[in-house]
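**Student:** Contents are mmCIF, C-alpha atoms; file name upload-v8.cif:
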```cif
data_upload
#
loop_
_atom_site.label_atom_id
_atom_site.label_comp_id
_atom_site.auth_asym_id
_atom_site.auth_seq_id
_atom_site.Cartn_x
_atom_site.Cartn_y
_atom_site.Cartn_z
CA MET A 27 0.00 0.00 0.00
CA GLN A 28 1.22 3.46 -0.84
CA ASN A 29 2.03 5.68 2.07
CA SER A 30 0.93 9.21 1.30
CA ASN A 31 -0.17 12.34 3.10
CA ASP A 32 -0.40 16.06 2.54
CA MET A 33 -0.86 19.36 4.35
CA GLN A 34 -1.26 23.02 3.57
CA ILE A 35 -0.52 26.11 5.60
CA GLU A 36 -0.92 29.79 4.95
CA PHE A 37 0.70 32.53 6.94
CA ALA A 38 1.57 36.24 6.85
CA SER A 39 4.67 37.35 4.98
CA ASN A 40 6.24 38.42 8.26
CA SER A 41 9.93 37.51 8.46
CA LEU A 42 9.25 35.91 11.86
CA ASN A 43 7.37 33.23 9.93
CA GLU A 44 10.50 32.09 8.06
CA SER A 45 11.35 30.00 11.08
CA PHE A 46 7.72 28.91 11.60
CA ALA A 47 7.46 27.73 7.98
CA ARG A 48 10.57 25.56 7.97
CA VAL A 49 9.75 24.06 11.37
CA ALA A 50 6.15 23.30 10.32
CA VAL A 51 7.30 21.52 7.15
CA ALA A 52 9.95 19.61 9.08
CA ALA A 53 7.40 18.55 11.70
CA PHE A 54 5.09 17.20 8.99
CA LEU A 55 7.89 15.34 7.20
CA SER A 56 9.08 13.76 10.46
CA GLN A 57 6.31 11.25 9.76
CA LEU A 58 8.71 9.74 7.21
CA ASP A 59 11.39 9.29 9.86
CA PRO A 60 14.00 11.10 7.76
CA THR A 61 17.66 11.54 8.65
CA VAL A 62 18.77 14.67 10.47
CA ASP A 63 20.52 15.81 7.28
CA GLU A 64 17.45 15.30 5.10
CA LEU A 65 15.33 17.40 7.45
CA TYR A 66 18.00 20.09 7.60
CA ASP A 67 18.16 20.25 3.79
CA VAL A 68 14.39 20.62 3.52
CA LYS A 69 14.41 23.35 6.17
CA MET A 70 17.08 25.23 4.23
CA ALA A 71 15.14 25.00 0.97
CA VAL A 72 11.86 26.14 2.61
CA SER A 73 13.66 28.98 4.37
CA GLU A 74 15.12 30.22 1.08
CA ALA A 75 11.82 30.00 -0.80
CA VAL A 76 9.83 31.77 1.93
CA THR A 77 12.52 34.47 2.27
CA ASN A 78 12.35 35.06 -1.50
CA SER A 79 8.57 35.49 -1.31
CA ILE A 80 8.89 37.97 1.54
CA ILE A 81 11.80 40.05 0.21
CA HIS A 82 11.20 39.88 -3.52
CA GLY A 83 7.57 38.86 -4.00
CA TYR A 84 6.17 41.20 -1.40
CA ASP A 85 9.00 43.77 -1.05
CA ALA A 86 9.12 43.00 2.70
CA ASP A 87 5.44 43.87 3.27
CA PRO A 88 4.63 41.73 6.35
CA ASN A 89 0.86 41.71 5.76
CA ARG A 90 0.57 39.60 2.62
CA THR A 91 0.03 35.84 2.46
CA ILE A 92 2.32 32.92 1.67
CA TRP A 93 1.02 29.40 1.04
CA ILE A 94 2.89 26.15 1.50
CA ARG A 95 1.66 22.78 0.39
CA CYS A 96 3.68 19.76 1.39
CA ALA A 97 2.94 16.20 0.36
CA TYR A 98 4.65 12.85 0.22
CA SER A 99 4.01 9.65 -1.60
CA ASP A 100 6.17 6.88 -0.21
CA ARG A 101 9.57 8.60 0.09
CA LEU A 102 8.96 11.23 -2.60
CA VAL A 103 8.43 14.62 -0.99
CA THR A 104 6.91 17.61 -2.82
CA ILE A 105 6.89 21.11 -1.38
CA GLU A 106 5.19 24.09 -3.00
CA VAL A 107 5.79 27.63 -1.79
CA LYS A 108 3.48 30.20 -3.35
CA ASP A 109 2.99 33.95 -3.17
CA GLU A 110 0.80 36.46 -4.96
CA GLY A 111 3.56 39.02 -5.14
CA LYS A 112 5.13 40.92 -7.97
CA GLY A 113 6.49 37.89 -9.82
CA ILE A 114 9.81 37.29 -11.56
CA LYS A 115 10.55 38.92 -14.92
CA ASN A 116 13.34 36.60 -15.96
CA ILE A 117 13.38 33.26 -14.15
CA ASP A 118 16.64 32.01 -15.71
CA GLU A 119 18.42 35.15 -14.60
CA ALA A 120 16.88 34.99 -11.12
CA MET A 121 18.07 31.42 -10.68
CA GLN A 122 21.70 32.25 -11.45
CA ALA A 123 24.01 32.18 -8.46
CA LEU A 124 24.92 35.61 -7.10
CA PHE A 125 22.17 37.35 -9.08
CA THR A 126 20.03 39.55 -6.85
CA THR A 127 17.69 42.48 -7.41
CA SER A 128 17.52 43.19 -3.69
CA GLU A 129 18.57 46.65 -2.65
CA GLU A 130 17.50 45.92 0.89
CA ASP A 131 20.38 45.02 3.20
CA GLU A 132 22.85 42.35 2.21
CA ARG A 133 21.64 39.47 0.09
CA ALA A 134 24.03 36.86 -1.22
CA GLY A 135 21.89 36.03 -4.27
CA LEU A 136 22.13 32.34 -3.45
CA GLY A 137 18.51 31.47 -2.65
CA PHE A 138 17.77 29.35 -5.72
CA THR A 139 21.29 27.89 -5.75
CA VAL A 140 20.77 26.63 -2.20
CA MET A 141 17.30 25.25 -3.02
CA GLN A 142 18.80 23.38 -5.99
CA SER A 143 21.62 21.95 -3.89
CA MET A 144 19.32 20.81 -1.09
CA MET A 145 16.51 19.33 -3.20
CA ASP A 146 16.47 16.94 -6.17
CA GLN A 147 14.43 19.25 -8.37
CA VAL A 148 13.28 22.88 -8.24
CA VAL A 149 10.69 24.25 -10.67
CA VAL A 150 9.78 27.93 -10.69
CA GLU A 151 6.58 29.27 -12.24
CA SER A 152 6.01 32.99 -12.16
CA GLU A 153 3.94 35.69 -13.75
CA VAL A 154 4.75 39.37 -13.37
CA GLY A 155 2.10 41.05 -11.26
CA LYS A 156 0.48 37.71 -10.33
CA GLY A 157 2.96 35.86 -8.17
CA THR A 158 5.42 33.00 -7.97
CA LYS A 159 5.21 29.32 -7.19
CA VAL A 160 8.28 27.25 -6.39
CA THR A 161 7.82 23.48 -6.51
CA MET A 162 10.58 21.38 -5.01
CA THR A 163 10.91 17.62 -4.81
CA LYS A 164 13.24 15.32 -2.96
CA THR A 165 13.31 11.59 -2.39
CA PHE A 166 14.20 10.53 1.13
CA TYR A 167 16.27 7.41 1.69
CA MET B 276 37.82 41.25 22.45
CA HIS B 277 41.32 39.88 22.12
CA ASP B 278 43.85 42.55 21.12
CA THR B 279 42.24 44.08 18.04
CA THR B 280 39.98 41.12 17.30
CA LEU B 281 36.26 41.15 18.06
CA ILE B 282 35.01 37.67 18.92
CA VAL B 283 31.39 37.04 18.00
CA SER B 284 29.80 33.95 19.55
CA LEU B 285 26.76 33.18 17.46
CA SER B 286 23.95 30.99 18.71
CA GLY B 287 20.61 29.65 17.50
CA GLU B 288 19.42 30.16 13.94
CA ILE B 289 20.60 32.58 11.27
CA ASP B 290 17.97 33.49 8.69
CA HIS B 291 16.76 36.70 7.03
CA HIS B 292 14.83 37.64 10.18
CA THR B 293 17.55 37.05 12.77
CA SER B 294 20.42 38.34 10.60
CA VAL B 295 19.13 41.92 10.94
CA GLU B 296 19.74 42.00 14.68
CA ILE B 297 23.03 40.12 14.46
CA ARG B 298 24.30 42.58 11.85
CA GLU B 299 23.37 45.61 13.95
CA THR B 300 24.97 44.19 17.09
CA VAL B 301 28.19 43.14 15.36
CA ASP B 302 28.61 46.47 13.54
CA ARG B 303 27.91 48.45 16.70
CA GLU B 304 30.43 46.49 18.78
CA TYR B 305 33.02 46.56 15.99
CA GLN B 306 32.89 50.36 15.89
CA LYS B 307 32.57 50.91 19.62
CA ARG B 308 35.56 48.74 20.43
CA ARG B 309 37.59 50.01 17.48
CA ALA B 310 38.29 46.44 16.48
CA LYS B 311 40.21 45.47 13.36
CA ASN B 312 39.43 41.79 12.82
CA ILE B 313 36.28 39.76 13.50
CA LEU B 314 36.25 36.12 14.53
CA PHE B 315 32.94 34.26 14.38
CA ASP B 316 32.42 31.29 16.68
CA PHE B 317 29.75 29.06 15.12
CA SER B 318 29.67 26.34 17.78
CA ASN B 319 26.11 27.12 18.94
CA ILE B 320 24.57 27.67 15.52
CA VAL B 321 21.90 25.06 14.80
CA PHE B 322 20.68 26.45 11.47
CA MET B 323 21.86 28.90 8.83
CA ASP B 324 20.46 29.70 5.38
CA SER B 325 21.93 31.96 2.69
CA SER B 326 21.07 35.05 4.75
CA GLY B 327 24.09 34.09 6.84
CA ILE B 328 26.26 34.33 3.72
CA GLY B 329 24.98 37.86 3.08
CA LEU B 330 25.72 38.70 6.69
CA LEU B 331 29.32 37.43 6.46
CA MET B 332 29.89 39.13 3.10
CA GLY B 333 28.76 42.45 4.53
CA ARG B 334 31.02 42.15 7.56
CA TYR B 335 33.92 41.17 5.27
CA ARG B 336 33.37 44.39 3.31
CA ASN B 337 33.47 46.56 6.45
CA VAL B 338 36.45 44.79 7.97
CA SER B 339 38.42 44.92 4.70
CA ILE B 340 38.02 48.70 4.56
CA CYS B 341 39.69 48.84 7.99
CA GLY B 342 42.48 46.54 6.81
CA GLY B 343 41.30 43.64 8.95
CA TYR B 344 40.39 39.99 8.45
CA VAL B 345 37.32 37.87 9.10
CA GLY B 346 37.78 34.35 10.44
CA LEU B 347 35.44 31.52 11.35
CA TYR B 348 35.81 28.57 13.71
CA ASN B 349 33.78 25.73 15.23
CA VAL B 350 31.69 25.59 12.06
CA PRO B 351 29.17 22.69 12.09
CA THR B 352 29.13 20.37 9.07
CA LYS B 353 25.83 21.61 7.65
CA VAL B 354 26.93 25.24 7.93
CA ASP B 355 30.25 24.35 6.30
CA GLN B 356 28.27 22.87 3.40
CA ILE B 357 26.52 26.18 2.55
CA LEU B 358 29.73 28.15 3.14
CA ASN B 359 31.37 25.92 0.55
CA ILE B 360 28.52 26.35 -1.94
CA SER B 361 28.81 30.13 -1.59
CA GLY B 362 32.55 30.24 -2.22
CA ILE B 363 32.97 32.53 0.78
CA TYR B 364 36.13 30.70 1.89
CA LYS B 365 37.89 32.72 -0.81
CA LEU B 366 37.26 35.79 1.35
CA MET B 367 37.66 34.47 4.87
CA LYS B 368 39.48 31.63 6.57
CA LEU B 369 38.11 28.70 8.49
CA TYR B 370 40.23 27.92 11.55
CA GLU B 371 40.43 24.70 13.54
CA SER B 372 40.06 26.56 16.81
CA LYS B 373 40.11 29.95 18.48
CA GLU B 374 43.80 29.44 19.33
CA HIS B 375 44.72 28.72 15.70
CA ALA B 376 42.83 31.84 14.62
CA PHE B 377 44.62 34.06 17.14
CA LYS B 378 48.00 32.71 16.12
CA SER B 379 47.25 33.43 12.49
CA LEU B 380 45.82 36.92 13.09
CA ALA B 381 48.55 38.04 15.50
#
```
Turn the structure described in the file into structure tokens.

**Tutor:**
Amino acid sequence: MQNSNDMQIEFASNSLNESFARVAVAAFLSQLDPTVDELYDVKMAVSEAVTNSIIHGYDADPNRTIWIRCAYSDRLVTIEVKDEGKGIKNIDEAMQALFTTSEEDERAGLGFTVMQSMMDQVVVESEVGKGTKVTMTKTFY
Amino acid sequence: MHDTTLIVSLSGEIDHHTSVEIRETVDREYQKRRAKNILFDFSNIVFMDSSGIGLLMGRYRNVSICGGYVGLYNVPTKVDQILNISGIYKLMKLYESKEHAFKSLA
């Protein structure tokens, strides 16, 4: 029998929720009894995606909404992080290491690079003025 | 402080949210104490995302202007992984211990 489950959360684009989001996803995925490293990798990827939505999607407006859907089917984990922010003009450019449009404080421009290193696959869909959805998958051992 | 080196013992989690306060505290102490170098002790860090890289890059910039160096020690494996991905070790050194760092910076 296939072992599957899913959950969804929505929360304000307040930077305090970066930690809430990664912990919530990790708590849900603990059902798969993952390794400490696997959970850490997922937390990193979620943290990067949520931070992108807050800083770039919503220009640090703390009163917008971010959605996360997390599901697994056997050991295949899928995580979607979605915002209704300003969207990404050029996805290829945005995904390049060290590329950042952020004028706010100090950003390394490594968000997507980290997501790609931590997860097996990262797919970005975005429409300017509509929002961005990042879908990440990873198979746990 | 140790001679002209500010020692920053980090603890907990470094993300976009927490890096704001860390940055302010480090910059304030660096100026107040007229330090030259900064040494970051990572032993109590349990999580760090790429915001931590931005934080270190920014401190590197400030310290370089003053002719100083940034060093890191007690870096946990998972933090070392993202530091490697970022290529930041080209800008700052990882030391085995506080003592090694002092010897090198003296």

**Student:** Please expand the PyMOL selection byres ((chain A and resi 96) around 7) into the concrete residues it hits in this file, giving the result as a ChimeraX atom specification.

**Tutor:** /A:32-34,94-95,97,104-106

**Student:** Decode the PyMOL selection byres ((chain A) within 9 of (chain B)) for the given file into explicit residues and return them as a CSV table (one decimal) with C-alpha atoms, keeping the file's coordinate frame.

**Tutor:**
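File selection22.csv, as written:
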```csv
chain,number,residue,atom,x,y,z
A,40,ASN,CA,6.2,38.4,8.3
A,41,SER,CA,9.9,37.5,8.5
A,42,LEU,CA,9.2,35.9,11.9
A,43,ASN,CA,7.4,33.2,9.9
A,44,GLU,CA,10.5,32.1,8.1
A,45,SER,CA,11.4,30.0,11.1
A,63,ASP,CA,20.5,15.8,7.3
A,66,TYR,CA,18.0,20.1,7.6
A,67,ASP,CA,18.2,20.2,3.8
A,69,LYS,CA,14.4,23.4,6.2
A,70,MET,CA,17.1,25.2,4.2
A,71,ALA,CA,15.1,25.0,1.0
A,73,SER,CA,13.7,29.0,4.4
A,74,GLU,CA,15.1,30.2,1.1
A,77,THR,CA,12.5,34.5,2.3
A,123,ALA,CA,24.0,32.2,-8.5
A,124,LEU,CA,24.9,35.6,-7.1
A,131,ASP,CA,20.4,45.0,3.2
A,132,GLU,CA,22.8,42.4,2.2
A,133,ARG,CA,21.6,39.5,0.1
A,134,ALA,CA,24.0,36.9,-1.2
A,135,GLY,CA,21.9,36.0,-4.3
A,136,LEU,CA,22.1,32.3,-3.4
A,137,GLY,CA,18.5,31.5,-2.6
A,139,THR,CA,21.3,27.9,-5.8
A,140,VAL,CA,20.8,26.6,-2.2
A,143,SER,CA,21.6,22.0,-3.9
```

**Student:** Applied to the shown file, which residues does the PyMOL selection byres ((chain A and resi 92) around 9) return, written as a count of residues only?

**Tutor:** 16

**Student:** At a cut-off of 12 Å from (16.0, 10.7, -2.0) in the coordinates of the file, what residues are picked up using all atoms listed in the file, written as a VMD selection string?

**Tutor:** chain A and resid 58 60 to 61 63 to 65 67 to 68 98 100 to 104 144 to 147 163 to 167

**Student:** Compile the contact shell of Tyr364 of chain B as a short mmCIF file (atom, residue, chain, number, x, y, z; two decimals) with C-alpha atoms, in the frame of the given file: residues with an atom at most 10 Å away, counting all atoms listed in the file, same-chain residues fewer than 4 positions apart removed.

**Tutor:**
```
data_model
loop_
_atom_site.label_atom_id
_atom_site.label_comp_id
_atom_site.auth_asym_id
_atom_site.auth_seq_id
_atom_site.Cartn_x
_atom_site.Cartn_y
_atom_site.Cartn_z
CA GLY B 346 37.78 34.35 10.44
CA LEU B 347 35.44 31.52 11.35
CA ASP B 355 30.25 24.35 6.30
CA LEU B 358 29.73 28.15 3.14
CA ASN B 359 31.37 25.92 0.55
CA ILE B 360 28.52 26.35 -1.94
CA LYS B 368 39.48 31.63 6.57
CA LEU B 369 38.11 28.70 8.49
#
```

**Student:** By how many Å are atom CA of Ala120 of chain A and atom CA of Ser339 of chain B apart?

**Tutor:** 28.5 Å

**Student:** Just give me the gap between atom CA of Val51 of chain A and atom CA of Thr126 of chain A in Å, one decimal is fine.

**Tutor:**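 Between atom CA of Val51 of chain A and atom CA of Thr126 of chain A the gap is 26.1 Å.
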
**Student:** With all atoms listed in the file as the basis for distance, which of A:Met121, A:Ala47, A:Leu55, A:Ile114 is at the shortest distance from Val72 of chain A?

**Tutor:** A:Ala47

**Student:** Compute the distance from (31.5, 49.2, 16.8) to each atom, counting only C-alpha atoms, keep the residues with any atom at most 12 Å away, and return them as a ChimeraX atom specification; use the coordinates of the file.

**Tutor:** /B:276,279-281,298-313,334,337-338

**Student:** Using atom CA of Ala86 of chain A and atom CA of Ile117 of chain A as the two end points, give the distance in Å to one decimal.

**Tutor:** 19.9 Å
